[in-house]
>>> print(open('work_22.txt').read())   # compact mmCIF, C-alpha atoms
# COMPACT_ATOMS: atom_id res chain seq x y z
CA MET A 1 -2.19 33.08 54.26
CA ASP A 2 -1.27 35.80 56.75
CA LYS A 3 -0.56 39.34 55.59
CA VAL A 4 3.13 39.85 54.88
CA GLN A 5 4.76 43.09 56.02
CA VAL A 6 6.63 44.96 53.27
CA ARG A 7 9.78 46.65 54.63
CA PHE A 8 10.06 48.97 51.66
CA GLY A 9 13.00 51.21 52.57
CA GLU A 10 14.90 48.49 54.40
CA TRP A 11 14.78 46.08 51.46
CA ILE A 12 15.84 48.71 48.94
CA GLU A 13 18.74 49.81 51.16
CA SER A 14 19.87 46.22 51.73
CA GLY A 15 19.57 45.50 48.02
CA PHE A 16 21.81 48.45 47.20
CA LYS A 17 24.37 47.24 49.76
CA LEU A 18 24.39 43.73 48.30
CA TYR A 19 24.92 45.26 44.86
CA LYS A 20 27.69 47.61 46.01
CA ASP A 21 29.58 44.91 47.91
CA ASN A 22 29.60 42.60 44.86
CA PHE A 23 29.62 45.15 42.05
CA GLY A 24 32.19 43.56 39.72
CA LEU A 25 30.72 40.05 39.76
CA LEU A 26 27.12 41.20 39.43
CA VAL A 27 27.79 43.54 36.50
CA LEU A 28 29.69 40.80 34.64
CA VAL A 29 26.88 38.32 35.29
CA SER A 30 24.33 40.89 34.19
CA LEU A 31 26.23 41.59 30.95
CA VAL A 32 26.39 37.93 29.96
CA ALA A 33 22.80 37.13 31.06
CA VAL A 34 21.35 40.07 29.12
CA ALA A 35 23.49 39.39 26.04
CA LEU A 36 22.65 35.68 25.82
CA SER A 37 18.96 36.34 26.49
CA PHE A 38 18.91 38.90 23.66
CA ILE A 39 20.91 36.80 21.19
CA THR A 40 18.67 33.76 21.74
CA VAL A 41 15.46 35.83 21.50
CA GLY A 42 14.58 35.05 25.11
CA ILE A 43 15.09 31.28 24.93
CA LEU A 44 17.95 31.43 27.43
CA ALA A 45 16.40 34.19 29.56
CA GLY A 46 15.01 31.66 32.06
CA PRO A 47 18.22 29.73 32.79
CA MET A 48 20.37 32.87 32.60
CA PHE A 49 18.32 34.70 35.21
CA SER A 50 17.98 31.52 37.26
CA GLY A 51 21.78 31.54 37.49
CA PHE A 52 21.69 35.26 38.29
CA VAL A 53 19.18 34.68 41.10
CA LEU A 54 21.25 31.75 42.39
CA ILE A 55 24.31 33.99 42.64
CA THR A 56 22.53 36.83 44.46
CA MET A 57 20.94 34.41 46.95
CA MET A 58 24.29 32.76 47.67
CA LEU A 59 25.90 36.17 48.18
CA LEU A 60 23.10 37.28 50.51
CA ASP A 61 23.23 34.00 52.44
CA LYS A 62 27.06 34.26 52.61
CA LYS A 63 27.41 30.75 51.21
CA GLU A 64 30.88 29.21 51.19
CA PRO A 65 32.57 28.87 48.83
CA LYS A 66 31.42 32.18 47.45
CA PRO A 67 29.75 32.09 44.05
CA GLU A 68 31.87 32.87 41.01
CA PHE A 69 31.02 33.88 37.47
CA ALA A 70 30.85 30.19 36.49
CA THR A 71 27.96 29.78 38.93
CA LEU A 72 25.80 31.51 36.32
CA TRP A 73 25.83 28.32 34.23
CA GLN A 74 24.18 26.45 37.10
CA GLY A 75 21.00 28.18 35.93
CA PHE A 76 20.78 25.46 33.27
CA ASN A 77 19.90 23.04 36.10
CA TYR A 78 16.52 24.80 36.06
CA PHE A 79 16.26 25.07 32.27
CA LEU A 80 12.82 23.57 31.68
CA GLN A 81 10.93 25.16 34.58
CA SER A 82 12.54 28.58 34.10
CA LEU A 83 11.89 28.44 30.34
CA LEU A 84 8.23 27.58 30.95
CA PHE A 85 7.96 30.38 33.51
CA VAL A 86 9.29 32.97 31.05
CA LEU A 87 7.51 31.53 28.00
CA VAL A 88 4.04 30.86 29.41
CA TRP A 89 3.74 34.11 31.34
CA GLY A 90 5.35 36.04 28.50
CA ILE A 91 2.69 34.77 26.09
CA ILE A 92 -0.13 35.49 28.55
CA ILE A 93 1.10 39.03 29.19
CA PHE A 94 1.66 39.70 25.47
CA VAL A 95 -1.80 38.50 24.41
CA ILE A 96 -3.66 40.38 27.16
CA SER A 97 -1.62 43.55 26.56
CA CYS A 98 -2.40 43.43 22.84
CA LEU A 99 -6.12 43.05 23.56
CA LEU A 100 -6.08 45.91 26.06
CA ASN A 101 -4.27 48.17 23.60
CA LEU A 102 -7.17 47.76 21.20
CA VAL A 103 -9.31 49.82 23.57
CA PRO A 104 -9.22 53.49 22.48
CA CYS A 105 -7.59 56.06 24.77
CA LEU A 106 -7.50 54.12 28.03
CA GLY A 107 -6.19 50.87 26.55
CA SER A 108 -2.51 51.75 26.84
CA LEU A 109 -2.85 52.93 30.44
CA VAL A 110 -4.78 49.81 31.44
CA SER A 111 -2.19 47.66 29.67
CA LEU A 112 0.63 49.37 31.58
CA ALA A 113 -1.20 48.90 34.89
CA PHE A 114 -1.79 45.23 34.05
CA ASN A 115 1.90 44.69 33.29
CA TRP A 116 2.94 46.29 36.59
CA ALA A 117 0.40 44.20 38.49
CA ILE A 118 1.33 40.84 36.96
CA SER A 119 5.04 41.59 37.42
CA ALA A 120 4.41 42.25 41.11
CA LEU A 121 2.35 39.09 41.55
CA LEU A 122 5.04 36.94 39.90
CA MET A 123 8.04 38.69 41.47
CA PHE A 124 9.09 35.65 43.54
CA GLY A 125 8.29 32.92 40.99
CA LEU A 126 11.79 32.42 39.63
CA PHE A 127 13.26 32.54 43.14
CA LEU A 128 11.00 29.67 44.21
CA ILE A 129 11.99 27.65 41.14
CA VAL A 130 15.67 28.05 42.02
CA ASP A 131 15.58 28.05 45.82
CA LYS A 132 12.80 25.53 46.50
CA LYS A 133 13.09 23.57 43.24
CA MET A 134 9.41 24.05 42.51
CA ASP A 135 7.77 23.57 39.12
CA PHE A 136 6.93 26.82 37.36
CA TRP A 137 3.16 26.74 37.94
CA PRO A 138 3.17 25.99 41.70
CA ALA A 139 5.97 28.56 42.07
CA SER A 140 3.86 31.12 40.21
CA MET A 141 0.81 30.43 42.37
CA GLU A 142 2.87 30.57 45.56
CA SER A 143 4.24 33.98 44.55
CA ILE A 144 0.79 35.27 43.58
CA ASN A 145 -0.81 34.08 46.81
CA LEU A 146 1.88 35.68 48.95
CA VAL A 147 1.90 39.03 47.13
CA LYS A 148 -1.91 39.19 47.31
CA THR A 149 -1.72 39.33 51.11
CA ASN A 150 -0.36 42.88 50.86
CA PHE A 151 -0.65 43.72 47.18
CA TRP A 152 -0.30 47.51 47.04
CA PRO A 153 2.97 47.77 48.99
CA PHE A 154 4.40 44.88 46.94
CA LEU A 155 3.28 46.64 43.77
CA GLY A 156 5.03 49.79 44.93
CA LEU A 157 8.20 47.81 45.60
CA GLU A 158 8.07 46.24 42.14
CA ILE A 159 7.54 49.59 40.43
CA VAL A 160 10.37 51.35 42.27
CA ALA A 161 12.79 48.42 41.93
CA SER A 162 12.09 47.93 38.24
CA ILE A 163 12.44 51.66 37.49
CA ILE A 164 15.83 51.61 39.22
CA GLY A 165 16.75 48.47 37.32
CA CYS A 166 15.77 49.96 33.96
CA ILE A 167 17.40 53.38 34.38
CA GLY A 168 20.45 52.10 32.52
CA ALA A 169 18.37 51.52 29.40
CA ILE A 170 18.36 55.29 28.90
CA LEU A 171 22.03 55.06 27.83
CA CYS A 172 21.21 53.36 24.52
CA GLY A 173 20.36 50.24 26.49
CA ILE A 174 24.00 49.54 27.37
CA GLY A 175 23.68 50.84 30.93
CA ILE A 176 21.06 48.23 31.74
CA VAL A 177 23.85 45.81 32.69
CA LEU A 178 24.87 48.26 35.44
CA THR A 179 21.43 48.85 36.93
CA LEU A 180 19.61 45.54 36.36
CA PRO A 181 21.57 43.83 39.19
CA ILE A 182 20.13 46.39 41.63
CA TYR A 183 16.62 45.19 40.78
CA VAL A 184 17.63 41.55 41.25
CA CYS A 185 19.36 42.34 44.56
CA ILE A 186 16.32 44.18 45.94
CA LEU A 187 14.01 41.29 45.06
CA THR A 188 16.52 38.82 46.52
CA VAL A 189 16.46 40.63 49.86
CA ALA A 190 12.66 40.78 49.77
CA TYR A 191 12.37 37.09 48.85
CA ARG A 192 14.67 35.93 51.63
CA GLU A 193 12.82 38.12 54.14
CA VAL A 194 9.31 36.87 53.34
CA PHE A 195 10.15 33.23 52.68
CA GLY A 196 12.42 32.77 55.67
CA GLY A 197 16.06 31.79 56.03
CA ALA A 198 18.52 30.30 53.60
CA GLY A 199 17.02 27.66 51.36
CA THR A 200 18.59 24.80 49.39
CA ALA A 201 20.16 26.86 46.60
CA SER A 202 23.85 26.18 46.09
CA ALA A 203 26.27 26.28 43.20
CA ASP A 204 26.32 22.52 42.71
CA ALA A 205 22.68 21.79 43.52
CA ASP A 206 20.63 19.65 41.15
CA PRO A 207 16.88 20.20 40.94
CA GLY A 208 14.91 17.70 42.95
CA PRO A 209 11.30 17.28 44.05
CA ALA A 210 9.37 20.49 44.58
CA GLU A 211 9.09 21.78 48.11
CA ILE A 212 6.64 24.51 48.98
CA SER A 213 7.89 26.99 51.54
CA GLN A 214 5.62 28.81 53.93
CA PRO A 215 6.32 32.55 54.23
CA ALA A 216 7.74 33.91 57.42
CA GLU A 217 5.24 35.61 59.66
>>> encode(input="work_22.txt", output="structure tokens")
Amino acid sequence: MDKVQVRFGEWIESGFKLYKDNFGLLVLVSLVAVALSFITVGILAGPMFSGFVLITMMLLDKKEPKPEFATLWQGFNYFLQSLLFVLVWGIIIFVISCLLNLVPCLGSLVSLAFNWAISALLMFGLFLIVDKKMDFWPASMESINLVKTNFWPFLGLEIVASIIGCIGAILCGIGIVLTLPIYVCILTVAYREVFGGAGTASADADPGPAEISQPAE
């Protein structure tokens, strides 16, 4: 796979613009997605954020009719694969982090570095599940293989985007619903850039056979 160019500043700027232009809808979607994910102890995190990703991709692609709040529930079309994506990788990350934290002194730092790295490698997994209707494992591997072509810049993008997205947590966690959409918007811009033009995602789409997309050169 050819090395993918990371347009760091451009993607962050475009992500902010997407967020600003659709502020009301994205904050409402973020509020409901975070609340339901929390209430269900993560069980609905996959479908909720699948719906979130679907909305941001439709907004970026300027799909007509424009997505509405109700589009969030279309994330349940990807329930199984998104649940497996969150559950399987969540367990893997939890177990490895716990083992690393057993190492005196350096364990916590290594665990933090591991979490950043795996987050970067999987940053496009959920997008591929929604946009290309891929199963969670092929989508994960596709994301990992692409990010590996230019790992350090992608890692930098993930760190900066996630810090921006988590800034709201400082305000007793409530502000996360205001800043989390920025993170999703930045990754949406990056995803669409590296995987090419508009895919098959739409508000009334039903998951079909998996299709593997080749990244844009």
>>> residues_around(input="work_22.txt", residues="Phe49 of chain A", least_positions_apart="2", cutoff="9 Å", atoms="all atoms listed in the file", output="list in words")
Ser30, Ala33, Val34, Ser37, Leu44, Ala45, Gly46, Pro47, Gly51, Phe52, Val53, Leu54, Leu72, Gly75, Ser82 and Leu126 of chain A
>>> closest_residue(input="work_22.txt", among="A:Ile176, A:Ala113, A:Leu157, A:Asn77", to="Trp11 of chain A", atoms="only C-alpha atoms")
A:Leu157
>>> atom_distance(input="work_22.txt", atom1="atom CA of Phe94 of chain A", atom2="atom CA of Ile186 of chain A")
25.6 Å
>>> residues_around(input="work_22.txt", residues="segment 12-28 of chain A", least_positions_apart="5", cutoff="10 Å", atoms="all atoms listed in the file", output="ChimeraX atom specification")
/A:7,33,52,55-56,59-60,67-69,157,160-161,176-190
>>> residues_around(input="work_22.txt", residues="segment 134-143 of chain A", least_positions_apart="4", cutoff="6 Å", atoms="only C-alpha atoms", output="ChimeraX atom specification")
/A:81,85,122,124-125,128-129,210
>>> write_last_selection(input="work_22.txt", atoms="C-alpha atoms", output="short mmCIF file (atom, residue, chain, number, x, y, z; two decimals), keeping the file's coordinate frame")
data_model
loop_
_atom_site.label_atom_id
_atom_site.label_comp_id
_atom_site.auth_asym_id
_atom_site.auth_seq_id
_atom_site.Cartn_x
_atom_site.Cartn_y
_atom_site.Cartn_z
CA GLN A 81 10.93 25.16 34.58
CA PHE A 85 7.96 30.38 33.51
CA LEU A 122 5.04 36.94 39.90
CA PHE A 124 9.09 35.65 43.54
CA GLY A 125 8.29 32.92 40.99
CA LEU A 128 11.00 29.67 44.21
CA ILE A 129 11.99 27.65 41.14
CA ALA A 210 9.37 20.49 44.58
#
>>> atom_distance(input="work_22.txt", atom1="atom CA of Asn150 of chain A", atom2="atom CA of Val110 of chain A")
21.1 Å
>>> residues_around(input="work_22.txt", residues="Glu158 of chain A", least_positions_apart="3", cutoff="10 Å", atoms="all atoms listed in the file", output="ChimeraX atom specification")
/A:116-117,119-121,123,152-155,161-164,183,186-187
>>> atom_distance(input="work_22.txt", atom1="atom CA of Leu109 of chain A", atom2="atom CA of Phe151 of chain A")
19.2 Å
>>> residues_around(input="work_22.txt", residues="Met1 of chain A", least_positions_apart="4", cutoff="8 Å", atoms="all atoms listed in the file", output="list in words")
Asn145, Leu146 and Thr149 of chain A
>>> closest_residue(input="work_22.txt", among="A:Lys3, A:Asp131, A:Met48, A:Leu112", to="Leu83 of chain A", atoms="all atoms listed in the file")
A:Met48
